[in-house]
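Source file upload.csv; content: CSV, C-alpha atoms and all ligand atoms.
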chain,number,residue,atom,x,y,z
A,118,MET,CA,9.4,-28.0,28.4
A,119,ALA,CA,9.1,-24.8,26.3
A,120,LYS,CA,6.3,-22.4,27.3
A,121,VAL,CA,3.3,-22.4,25.0
A,122,LEU,CA,3.2,-19.4,22.6
A,123,SER,CA,0.4,-17.0,22.0
A,124,ASN,CA,-2.5,-18.6,20.0
A,125,LYS,CA,-2.4,-15.6,17.7
A,126,ILE,CA,1.0,-16.7,16.4
A,127,ALA,CA,-0.5,-19.8,14.8
A,128,SER,CA,-2.4,-17.7,12.3
A,129,ILE,CA,0.8,-16.0,11.0
A,130,GLN,CA,2.5,-17.4,8.0
A,131,PRO,CA,6.0,-16.4,6.8
A,132,SER,CA,5.6,-13.4,4.5
A,133,ILE,CA,5.3,-14.5,0.9
A,134,PHE,CA,7.5,-11.6,-0.1
A,135,SER,CA,10.4,-12.9,1.9
A,136,VAL,CA,9.9,-16.5,0.7
A,137,ILE,CA,9.8,-15.5,-3.0
A,138,SER,CA,12.8,-13.2,-2.6
A,139,ALA,CA,14.9,-15.8,-0.9
A,140,LYS,CA,14.1,-18.3,-3.7
A,141,ALA,CA,14.8,-15.6,-6.4
A,142,ASN,CA,18.2,-14.9,-4.8
A,143,GLU,CA,19.1,-18.6,-4.5
A,144,LEU,CA,18.3,-19.1,-8.2
A,145,GLY,CA,19.8,-15.8,-9.4
A,146,ALA,CA,16.4,-14.9,-10.9
A,147,VAL,CA,15.2,-11.4,-11.8
A,148,ASN,CA,13.1,-10.2,-8.9
A,149,LEU,CA,9.9,-8.5,-9.9
A,150,GLY,CA,8.3,-9.9,-6.7
A,151,GLN,CA,9.1,-7.5,-3.8
A,152,GLY,CA,7.4,-4.1,-3.9
A,153,PHE,CA,10.3,-1.8,-3.7
A,154,PRO,CA,12.7,-0.1,-6.2
A,155,ASP,CA,16.1,-1.6,-7.0
A,156,TYR,CA,17.3,2.0,-7.8
A,157,ASP,CA,18.4,4.6,-5.3
A,158,CYS,CA,16.7,7.7,-4.0
A,159,ASP,CA,17.8,11.1,-5.1
A,160,ASP,CA,20.9,12.7,-3.6
A,161,PHE,CA,19.1,15.7,-2.0
A,162,ILE,CA,17.1,13.3,0.1
A,163,LYS,CA,20.3,11.5,1.3
A,164,GLN,CA,22.0,14.8,1.9
A,165,ALA,CA,19.1,15.9,4.1
A,166,ALA,CA,19.5,12.8,6.3
A,167,ILE,CA,23.2,13.2,6.5
A,168,GLU,CA,22.9,16.9,7.5
A,169,ALA,CA,20.3,16.1,10.1
A,170,ILE,CA,22.7,13.7,11.8
A,171,THR,CA,25.8,15.9,11.5
A,172,THR,CA,23.9,18.9,12.9
A,173,GLY,CA,23.0,17.0,16.0
A,174,HIS,CA,19.4,15.8,15.6
A,175,ASN,CA,20.2,12.5,17.3
A,176,GLN,CA,18.1,12.2,20.4
A,177,TYR,CA,14.5,11.1,20.9
A,178,ALA,CA,11.9,13.0,19.0
A,179,PRO,CA,8.6,13.9,20.6
A,180,SER,CA,6.4,10.8,20.6
A,181,GLN,CA,3.8,12.3,18.2
A,182,GLY,CA,6.5,13.3,15.7
A,183,THR,CA,8.7,16.4,15.3
A,184,ALA,CA,6.9,19.7,14.9
A,185,PHE,CA,8.9,20.2,11.7
A,186,LEU,CA,7.6,17.0,10.0
A,187,ARG,CA,4.0,17.4,11.3
A,188,SER,CA,3.9,20.9,9.8
A,189,ALA,CA,5.4,19.6,6.5
A,190,ILE,CA,2.7,17.0,6.4
A,191,ALA,CA,0.0,19.6,7.0
A,192,GLU,CA,1.3,21.8,4.2
A,193,HIS,CA,1.5,18.8,1.9
A,194,GLU,CA,-2.1,18.0,2.6
A,195,GLN,CA,-3.2,21.6,2.0
A,196,LYS,CA,-1.2,22.0,-1.2
A,197,PHE,CA,-2.0,18.7,-2.9
A,198,TYR,CA,-5.6,18.2,-1.7
A,199,GLY,CA,-6.8,21.4,-0.2
A,200,LEU,CA,-7.3,19.6,3.1
A,201,PHE,CA,-6.6,21.1,6.6
A,202,TYR,CA,-5.1,19.0,9.3
A,203,LYS,CA,-3.7,20.5,12.5
A,204,PRO,CA,-0.2,19.4,13.3
A,205,ASN,CA,-0.9,19.4,17.0
A,206,THR,CA,-4.1,17.5,17.1
A,207,ASN,CA,-4.6,15.6,13.8
A,208,ILE,CA,-1.2,14.3,12.8
A,209,THR,CA,0.9,11.5,14.3
A,210,VAL,CA,4.2,10.3,12.8
A,211,THR,CA,4.7,6.6,12.8
A,212,SER,CA,7.3,4.0,11.9
A,213,GLY,CA,6.0,3.6,8.4
A,214,ALA,CA,2.5,2.9,7.3
A,215,THR,CA,2.9,-0.5,8.8
A,216,GLU,CA,3.1,0.8,12.4
A,217,ALA,CA,0.4,3.4,11.5
A,218,LEU,CA,-2.0,0.5,10.6
A,219,TRP,CA,-1.1,-1.5,13.6
A,220,THR,CA,-1.5,1.4,16.0
A,221,THR,CA,-4.8,2.5,14.4
A,222,PHE,CA,-6.5,-0.8,14.9
A,223,GLN,CA,-5.2,-1.1,18.5
A,224,ALA,CA,-6.7,2.4,19.1
A,225,ILE,CA,-10.1,1.8,17.6
A,226,LEU,CA,-11.1,-1.8,18.1
A,227,ASN,CA,-12.6,-3.7,21.0
A,228,ASP,CA,-12.7,-7.5,21.1
A,229,GLY,CA,-15.1,-8.9,18.5
A,230,ASP,CA,-15.4,-5.6,16.5
A,231,GLU,CA,-15.6,-6.3,12.8
A,232,VAL,CA,-13.6,-4.6,10.1
A,233,ILE,CA,-14.7,-5.0,6.5
A,234,VAL,CA,-11.5,-5.2,4.3
A,235,ILE,CA,-11.7,-4.7,0.6
A,236,GLU,CA,-9.9,-7.7,-1.0
A,237,PRO,CA,-7.4,-8.5,-2.4
A,238,SER,CA,-5.7,-6.8,0.5
A,239,TYR,CA,-2.2,-6.0,1.7
A,240,ASP,CA,-0.9,-8.9,3.8
A,241,SER,CA,-0.4,-6.9,7.1
A,242,TYR,CA,-4.1,-6.0,7.3
A,243,SER,CA,-5.3,-9.3,8.7
A,244,PRO,CA,-2.8,-9.6,11.6
A,245,CYS,CA,-3.3,-5.9,12.4
A,246,ILE,CA,-7.0,-6.5,12.9
A,247,THR,CA,-6.8,-9.9,14.7
A,248,PHE,CA,-4.0,-8.9,17.1
A,249,ALA,CA,-6.2,-5.9,18.1
A,250,GLY,CA,-9.0,-8.4,19.0
A,251,GLY,CA,-11.0,-7.6,15.8
A,252,VAL,CA,-12.6,-9.8,13.2
A,253,TYR,CA,-11.5,-9.5,9.5
A,254,VAL,CA,-14.5,-9.5,7.2
A,255,PRO,CA,-13.5,-9.7,3.5
A,256,CYS,CA,-15.3,-7.8,0.7
A,257,LYS,CA,-14.0,-9.1,-2.5
A,258,LEU,CA,-13.6,-6.9,-5.5
A,259,VAL,CA,-15.5,-8.5,-8.4
A,260,ASN,CA,-14.9,-9.3,-12.1
A,261,ASP,CA,-11.6,-9.1,-13.9
A,262,THR,CA,-11.9,-5.4,-13.5
A,263,TYR,CA,-11.7,-5.6,-9.7
A,264,GLU,CA,-14.8,-3.5,-9.1
A,265,LEU,CA,-16.3,-2.7,-5.7
A,266,ASP,CA,-19.8,-4.2,-5.4
A,267,GLY,CA,-21.5,-1.5,-3.3
A,268,ARG,CA,-24.4,-3.8,-2.4
A,269,LEU,CA,-22.1,-6.5,-1.3
A,270,LEU,CA,-20.3,-4.0,0.9
A,271,GLN,CA,-23.5,-2.9,2.5
A,272,SER,CA,-24.7,-6.4,3.1
A,273,LEU,CA,-21.6,-7.2,5.1
A,274,VAL,CA,-22.3,-4.6,7.8
A,275,THR,CA,-23.5,-6.0,11.1
A,276,THR,CA,-24.1,-4.4,14.5
A,277,LYS,CA,-20.4,-5.3,15.3
A,278,THR,CA,-18.9,-3.5,12.3
A,279,LYS,CA,-16.5,-0.8,13.3
A,280,ALA,CA,-14.6,0.1,10.2
A,281,ILE,CA,-14.0,-0.3,6.5
A,282,LEU,CA,-10.3,-0.7,5.4
A,283,PHE,CA,-8.9,-0.3,1.9
A,284,THR,CA,-5.9,0.8,-0.1
A,285,ASN,CA,-6.2,3.6,-2.7
A,286,PRO,CA,-4.3,3.5,-5.1
A,287,HIS,CA,-4.7,-0.2,-4.5
A,288,ASN,CA,-2.1,-2.9,-3.9
A,289,PRO,CA,-1.9,-5.4,-5.6
A,290,THR,CA,-4.0,-4.3,-8.6
A,291,GLY,CA,-3.0,-0.7,-9.0
A,292,LYS,CA,-6.7,0.2,-9.1
A,293,VAL,CA,-7.7,3.8,-8.4
A,294,PHE,CA,-11.2,3.7,-6.9
A,295,SER,CA,-13.8,5.6,-8.8
A,296,LYS,CA,-16.0,8.4,-7.4
A,297,GLU,CA,-19.0,6.0,-7.4
A,298,GLU,CA,-17.1,3.3,-5.5
A,299,LEU,CA,-15.8,5.8,-2.9
A,300,SER,CA,-19.4,7.1,-2.6
A,301,TRP,CA,-20.6,3.5,-1.7
A,302,ILE,CA,-17.9,3.4,1.0
A,303,VAL,CA,-18.8,6.8,2.4
A,304,THR,CA,-22.6,6.1,2.3
A,305,THR,CA,-22.1,2.8,4.0
A,306,ALA,CA,-19.8,4.3,6.7
A,307,ARG,CA,-22.1,7.3,7.3
A,308,SER,CA,-25.2,5.3,7.7
A,309,HIS,CA,-23.7,2.9,10.2
A,310,ASN,CA,-21.2,5.3,11.8
A,311,LEU,CA,-18.1,3.4,10.7
A,312,TYR,CA,-14.5,4.5,10.5
A,313,ILE,CA,-13.0,4.5,7.0
A,314,VAL,CA,-9.3,3.6,7.2
A,315,CYS,CA,-7.6,4.4,4.0
A,316,ASP,CA,-4.1,3.3,3.2
A,317,GLU,CA,-2.7,5.8,0.7
A,318,VAL,CA,1.0,4.9,0.5
A,319,TYR,CA,0.9,5.1,-3.3
A,320,GLU,CA,-0.8,8.5,-3.3
A,321,HIS,CA,1.7,10.2,-5.7
A,322,LEU,CA,2.2,7.2,-8.0
A,323,THR,CA,-0.8,7.7,-10.4
A,324,TYR,CA,-1.0,7.4,-14.2
A,325,ASP,CA,-3.2,9.7,-16.2
A,326,CYS,CA,-5.2,10.5,-13.1
A,327,ASN,CA,-4.8,12.1,-9.7
A,328,HIS,CA,-5.3,10.6,-6.3
A,329,THR,CA,-8.4,12.0,-4.5
A,330,PRO,CA,-8.6,11.4,-0.8
A,331,ILE,CA,-12.2,10.9,0.5
A,332,PRO,CA,-12.4,14.1,2.5
A,333,MET,CA,-11.5,16.0,-0.7
A,334,LEU,CA,-14.3,14.4,-2.7
A,335,PHE,CA,-16.9,14.6,0.1
A,336,ASP,CA,-16.2,17.9,1.7
A,337,GLU,CA,-18.3,17.6,4.8
A,338,PRO,CA,-17.0,17.7,8.4
A,339,GLU,CA,-18.9,14.4,9.3
A,340,VAL,CA,-17.1,12.6,6.6
A,341,LYS,CA,-13.7,13.9,7.5
A,342,ASP,CA,-14.4,12.9,11.0
A,343,LEU,CA,-14.9,9.2,10.0
A,344,VAL,CA,-11.8,9.0,7.8
A,345,ILE,CA,-8.5,7.8,9.1
A,346,ARG,CA,-5.8,8.3,6.4
A,347,ILE,CA,-2.5,6.6,6.5
A,348,SER,CA,0.5,7.3,4.3
A,349,SER,CA,4.3,7.1,4.2
A,350,LEU,CA,7.4,8.4,2.6
A,351,GLY,CA,8.8,5.1,1.2
A,352,LYS,CA,7.1,4.8,-2.2
A,353,THR,CA,6.9,8.5,-3.0
A,354,PHE,CA,10.7,9.1,-2.6
A,355,SER,CA,12.0,5.5,-3.1
A,356,VAL,CA,13.1,5.3,0.5
A,357,THR,CA,11.2,2.2,1.7
A,358,GLY,CA,14.0,1.5,4.2
A,359,TRP,CA,13.4,4.8,6.1
A,360,LYS,CA,10.1,3.7,7.5
A,361,ILE,CA,8.6,7.1,8.1
A,362,GLY,CA,4.8,7.2,8.0
A,363,TRP,CA,1.9,9.1,9.4
A,364,VAL,CA,-1.8,8.9,10.4
A,365,LEU,CA,-4.3,11.8,9.8
A,366,ALA,CA,-7.4,11.6,12.0
A,367,ASN,CA,-9.8,13.6,14.1
A,368,GLU,CA,-8.7,14.8,17.5
A,369,THR,CA,-10.2,12.0,19.5
A,370,VAL,CA,-8.8,9.3,17.3
A,371,THR,CA,-5.5,11.0,17.2
A,372,SER,CA,-5.3,11.1,21.0
A,373,ALA,CA,-6.0,7.3,21.1
A,374,ILE,CA,-3.5,6.6,18.4
A,375,ARG,CA,-0.8,8.6,20.2
A,376,ALA,CA,-1.6,6.7,23.4
A,377,VAL,CA,-0.9,3.4,21.7
A,378,HIS,CA,2.0,4.7,19.6
A,379,GLN,CA,4.0,5.8,22.7
A,380,PHE,CA,4.1,2.3,24.0
A,381,ILE,CA,4.9,0.6,20.7
A,382,VAL,CA,7.9,2.6,19.6
A,383,PHE,CA,7.6,5.8,21.7
A,384,SER,CA,9.0,7.9,18.8
A,385,VAL,CA,10.4,7.5,15.3
A,386,SER,CA,14.0,8.2,14.2
A,387,THR,CA,14.7,11.9,14.7
A,388,PRO,CA,17.1,12.6,11.8
A,389,MET,CA,15.0,10.7,9.4
A,390,GLN,CA,12.0,12.8,10.4
A,391,ILE,CA,13.9,16.0,9.7
A,392,ALA,CA,15.0,14.7,6.3
A,393,ALA,CA,11.4,13.5,5.6
A,394,ALA,CA,10.1,17.0,6.3
A,395,LYS,CA,12.6,18.4,3.8
A,396,ALA,CA,11.6,15.9,1.2
A,397,LEU,CA,7.9,16.6,1.7
A,398,SER,CA,8.4,20.3,1.6
A,399,PHE,CA,10.4,19.9,-1.6
A,400,ILE,CA,7.5,18.3,-3.5
A,401,THR,CA,5.0,20.7,-1.9
A,402,GLU,CA,7.1,23.5,-3.5
A,403,ASN,CA,7.9,21.5,-6.7
A,404,PRO,CA,4.9,19.2,-7.5
A,405,MET,CA,6.3,18.6,-11.0
A,406,TYR,CA,9.2,16.6,-9.4
A,407,ILE,CA,6.8,13.9,-8.3
A,408,ARG,CA,4.8,14.0,-11.5
A,409,GLU,CA,8.0,13.4,-13.5
A,410,TYR,CA,8.8,10.4,-11.3
A,411,ALA,CA,5.3,9.0,-11.9
A,412,ASN,CA,5.7,9.6,-15.7
A,413,THR,CA,9.0,7.6,-15.6
A,414,LEU,CA,7.2,4.8,-13.8
A,415,MET,CA,4.4,4.9,-16.4
A,416,VAL,CA,7.0,4.2,-19.2
A,417,LYS,CA,8.2,1.2,-17.2
A,418,ARG,CA,4.6,0.0,-16.6
A,419,ASP,CA,3.8,0.2,-20.3
A,420,LYS,CA,7.0,-1.8,-21.3
A,421,LEU,CA,6.1,-4.5,-18.9
A,422,ILE,CA,2.5,-4.6,-20.0
A,423,THR,CA,3.5,-5.1,-23.7
A,424,THR,CA,5.7,-8.1,-22.7
A,425,ILE,CA,3.0,-9.6,-20.5
A,426,GLU,CA,0.5,-9.3,-23.3
A,427,SER,CA,2.9,-10.8,-25.8
A,428,ILE,CA,3.2,-14.0,-23.7
A,429,GLY,CA,-0.6,-14.5,-23.6
A,430,LEU,CA,-1.3,-13.0,-20.1
A,431,ILE,CA,-4.2,-10.5,-19.6
A,432,PRO,CA,-3.0,-7.6,-17.5
A,433,TYR,CA,-5.3,-5.3,-15.5
A,434,ILE,CA,-4.0,-1.9,-16.5
A,435,PRO,CA,-3.0,-0.1,-13.2
A,436,LYS,CA,-3.8,3.5,-12.8
A,437,GLY,CA,-1.6,3.8,-9.7
A,438,GLY,CA,1.0,2.0,-7.5
A,439,TYR,CA,3.9,0.1,-9.1
A,440,PHE,CA,2.4,-3.3,-9.8
A,441,VAL,CA,0.7,-5.1,-12.7
A,442,VAL,CA,-1.6,-8.0,-11.9
A,443,ALA,CA,-2.0,-10.3,-14.9
A,444,ASN,CA,-4.3,-13.2,-15.5
A,445,PHE,CA,-2.6,-16.4,-16.8
A,446,SER,CA,-5.7,-18.6,-17.4
A,447,LYS,CA,-5.0,-18.7,-21.2
A,448,VAL,CA,-1.5,-20.1,-20.8
A,449,PHE,CA,-1.4,-22.1,-17.6
A,450,SER,CA,-3.9,-24.2,-15.7
A,451,GLY,CA,-2.6,-24.4,-12.1
A,452,THR,CA,-2.9,-22.1,-9.1
A,453,SER,CA,-1.3,-18.7,-8.9
A,454,ARG,CA,1.4,-20.2,-6.5
A,455,GLU,CA,2.1,-22.8,-9.2
A,456,TYR,CA,2.3,-20.3,-12.0
A,457,CYS,CA,4.6,-18.2,-9.9
A,458,GLN,CA,6.9,-21.1,-9.3
A,459,PHE,CA,6.8,-21.9,-13.0
A,460,LEU,CA,7.9,-18.4,-13.9
A,461,LEU,CA,10.6,-18.5,-11.3
A,462,GLU,CA,12.0,-21.9,-12.3
A,463,GLU,CA,11.5,-21.8,-16.1
A,464,ASN,CA,11.8,-18.1,-16.8
A,465,MET,CA,13.9,-17.0,-13.9
A,466,VAL,CA,11.5,-14.2,-13.1
A,467,ALA,CA,10.1,-13.8,-9.5
A,468,THR,CA,6.5,-12.6,-9.2
A,469,ILE,CA,4.0,-12.8,-6.4
A,470,PRO,CA,0.9,-15.0,-6.4
A,471,LEU,CA,-2.4,-13.4,-5.6
A,472,GLU,CA,-3.4,-16.0,-3.1
A,473,PRO,CA,-1.9,-14.3,0.0
A,474,PHE,CA,-3.9,-11.2,-0.8
A,475,TYR,CA,-7.1,-13.1,-0.2
A,476,SER,CA,-8.6,-14.7,2.9
A,477,LYS,CA,-9.1,-18.5,3.0
A,478,ASN,CA,-12.1,-20.1,1.2
A,479,VAL,CA,-12.7,-17.5,-1.4
A,480,SER,CA,-12.4,-18.3,-5.1
A,481,LEU,CA,-9.1,-16.8,-6.4
A,482,PRO,CA,-8.3,-15.1,-9.7
A,483,ASN,CA,-5.7,-16.9,-11.8
A,484,ALA,CA,-3.3,-14.0,-11.5
A,485,VAL,CA,0.2,-13.0,-10.4
A,486,ARG,CA,1.7,-9.6,-9.5
A,487,PHE,CA,4.7,-8.1,-11.3
A,488,CYS,CA,6.5,-5.1,-9.8
A,489,PHE,CA,7.7,-2.5,-12.3
A,490,SER,CA,9.6,0.0,-10.0
A,491,LYS,CA,12.9,-1.5,-11.2
A,492,LYS,CA,15.9,-0.2,-13.1
A,493,ASP,CA,15.5,-0.3,-16.9
A,494,GLU,CA,18.2,-3.1,-17.1
A,495,THR,CA,16.3,-5.2,-14.5
A,496,LEU,CA,13.1,-4.8,-16.4
A,497,GLN,CA,14.9,-5.6,-19.7
A,498,ASN,CA,16.3,-8.8,-18.2
A,499,ALA,CA,12.9,-9.8,-17.0
A,500,ILE,CA,11.4,-9.0,-20.4
A,501,THR,CA,14.1,-11.1,-22.1
A,502,ASN,CA,13.5,-14.0,-19.7
A,503,LEU,CA,9.7,-13.8,-20.1
A,504,ALA,CA,9.9,-13.7,-23.8
A,505,GLN,CA,11.6,-17.1,-23.6
A,506,GLN,CA,8.1,-18.4,-22.6
A,507,ASN,CA,7.0,-17.7,-26.2
A,508,LEU,CA,10.0,-19.5,-27.6
A,509,THR,CA,9.7,-22.6,-25.4
A,510,SER,CA,6.0,-22.3,-25.6
A,511,LYS,CA,5.1,-24.0,-22.4
A,512,PRO,CA,1.5,-25.3,-23.0
A,513,ILE,CA,-1.4,-25.3,-20.5
A,514,ARG,CA,-0.6,-28.0,-18.0
B,1,LIG,C1,-0.6,-1.1,0.7
B,1,LIG,C2,0.6,-0.9,1.6
B,1,LIG,N1,0.5,-0.4,2.8
B,1,LIG,C3,1.6,-0.3,3.6
B,1,LIG,C4,2.8,-0.7,3.2
B,1,LIG,C5,4.0,-0.5,4.2
B,1,LIG,O1,4.4,0.8,4.1
B,1,LIG,P1,5.7,1.2,5.0
B,1,LIG,O2,6.9,0.7,4.4
B,1,LIG,O3,5.6,2.7,5.0
B,1,LIG,O4,5.5,0.7,6.4
B,1,LIG,C6,3.0,-1.2,1.9
B,1,LIG,C7,4.3,-1.6,1.5
B,1,LIG,O5,4.5,-2.3,0.5
B,1,LIG,C8,1.9,-1.3,1.1
B,1,LIG,O6,2.0,-1.8,-0.2

Would you mind writing the structure in this file as C-alpha cells?
Amino acid sequence: MAKVLSNKIASIQPSIFSVISAKANELGAVNLGQGFPDYDCDDFIKQAAIEAITTGHNQYAPSQGTAFLRSAIAEHEQKFYGLFYKPNTNITVTSGATEALWTTFQAILNDGDEVIVIEPSYDSYSPCITFAGGVYVPCKLVNDTYELDGRLLQSLVTTKTKAILFTNPHNPTGKVFSKEELSWIVTTARSHNLYIVCDEVYEHLTYDCNHTPIPMLFDEPEVKDLVIRISSLGKTFSVTGWKIGWVLANETVTSAIRAVHQFIVFSVSTPMQIAAAKALSFITENPMYIREYANTLMVKRDKLITTIESIGLIPYIPKGGYFVVANFSKVFSGTSREYCQFLLEENMVATIPLEPFYSKNVSLPNAVRFCFSKKDETLQNAITNLAQQNLTSKPIR
C-alpha cells in the first residue's frame, strides 16, 4: 500500500494559471491568462547571460548571492528610492520572488503565528504561510475600487499576529497603494511589532505614478527594521524564466533568511546572477529605459481597456503591473470561473477568474483578470475575438 502523503498537500490545488493555459492551448485561444510577456527580452540582456557563461561563471555562487549582484541591487535601491541596504548584511539573492517568499515565511514564522494577507492575493502566499506552520488571515480590499479598510486591518490583529503581507503594485488588480493606506499598514505594524512583507515584483511597471517603497515614505529606522521587501528581475526585464529574485531585510532577518535559503536551493544560477547584475546596473544608469517600457505597456493597457468597456465590462484602471481586472455583472450572471470559461469557449480568449485570489467563504467580486503584457498582434487578436461578444450579443444567463 502506498505511504500516506503529508496532510499539507491536501490543501494544494493545481494552479489555475496552468489549468487555463492548458485549455487555451488545446482550443487554440488567445492567452491573456498567464502573467508573462509573449515577447522576448532585449538583446543586451541575453548577451550578458551568454557572456557570463562563455567567460566561465559556471560554478556555484555564494549562497547569499554573488557580490556583483548584491552590489547592483544596493545601487538600484539607492538610485531609485534613496534607500541604503548593505550588500553583506541586508540583501539575499533567491530563485525568484517565489523562493524569496517561501524562505521568508520559513524564517519568521513559528507554528500558529498569524499572517494578515491583503486580498485578493497572489496564489503562492497561502501555501508559503501554511507550509511554514502559519495561519493565513485574509483582509479583503473593499468596494469596486479595491480599497484597504484600515480599521478592518487593525481589527484582525491578535496576540498571534506576526506579519502583514501584501503586493504593491498589486496583482491581480494593478492597484498602487495610496500613502494613506500604507500609513494604516505601518501604524498597525508599529503598534503591534509586526513584520511588513511587501512583494514588489511590479515595482517598475507603473503608469502615471511612481512606486514608493514603505521605508522611503516613512523614513524612520524602526519602520525600515520591520519591512521585508521582495522583488525580482522577471517582470522588469521580461525574463520571467530566469527566476532571479531578492529579499531586502534587516541584519537579523537576513541571517535567518540565509539560513533557510542555503538548505532550499543553496545558491542561485551563477551566470544568470552576473547577467542580472548587468541588467540592473543598466537601468540604474539609464532609468529612462524602464520608463519607456512602462509607457509601451500603458498603451497596451489602454487599448485593452477600451475593448473591455465596449463589451460592457467595467474595468478597474490599473496604475501598475500588467493586468486589468474587469467586472462582468452587467453582461453575465454566473461566477468568475463560469465567465472565464464562457470567454474561452465562445470568444477564444483565456482570462483568469478572480476566485483563486481569495480565500474560501468570502464573497467574491464578479470579475476576471486580463493580462496585457502581450505582443500587439496577440492583443489585436484578443480584441477582435472579444468584439465578437458584441456581435453575437450573449445575454445575461
Ligand atoms: C505578485 C507576484 N509575486 C511573485 C511572483 C513570482 O515572481 P518570480 O517569477 O520572480 O518568482 C509573481 C509572478 O507572477 C507575482 O505576480

Tell me which of A:Leu149, A:Leu122, A:Thr278, A:Asn310 sits closest to A:Val485, counting all atoms listed in the file. A:Leu149

Selection within 6 Å of ligand LIG 1 (chain B) by all atoms listed in the file, output as an NGL selection string: :A and (152 or 213-215 or 239 or 284 or 288 or 316 or 318 or 349 or 351 or 357 or 360 or 362)

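Between atom CA of A:Asn207 and atom CA of A:Leu343 there is a distance of 12.7 Å.
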
So what do you get for atom CA of A:Ile400 versus atom CA of A:Cys488, distance-wise?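 Calculated distance between atom CA of A:Ile400 and atom CA of A:Cys488 is 24.3 Å.
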
For the interface of stretch 333-369 of chain A with stretch 178-187 of chain A (cut-off 12 Å, counting all atoms listed in the file), please tabulate each contacting residue of stretch 333-369 of chain A alongside its nearest pair of atoms and their separation in Å to one decimal, rows sorted by chain and increasing number, as a tab-separated table.
residue	atom	partner	partner_atom	distance
A:Ser349	CA	A:Leu186	CA	11.9
A:Leu350	CA	A:Leu186	CA	11.3
A:Ile361	CA	A:Gly182	CA	10.0
A:Gly362	CA	A:Gly182	CA	10.0
A:Trp363	CA	A:Arg187	CA	8.8
A:Val364	CA	A:Gln181	CA	10.2
A:Leu365	CA	A:Arg187	CA	10.1

Name all residues at most 7 Å from A:Gly267 (count only C-alpha atoms; drop same-chain ones fewer than 4 positions away) and give them as a PDB file with C-alpha atoms, in the frame of the given file.
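Output file result07.pdb follows:
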ATOM      1  CA  GLN A 271     -23.500  -2.900   2.500  1.00  0.00           C
ATOM      2  CA  GLU A 298     -17.100   3.300  -5.500  1.00  0.00           C
ATOM      3  CA  TRP A 301     -20.600   3.500  -1.700  1.00  0.00           C
TER       4      TRP A 301
END

Please compute the atom CA of A:Ala306-atom CA of A:Val370 distance, one decimal, in Å.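 Those two atoms sit 16.1 Å apart.
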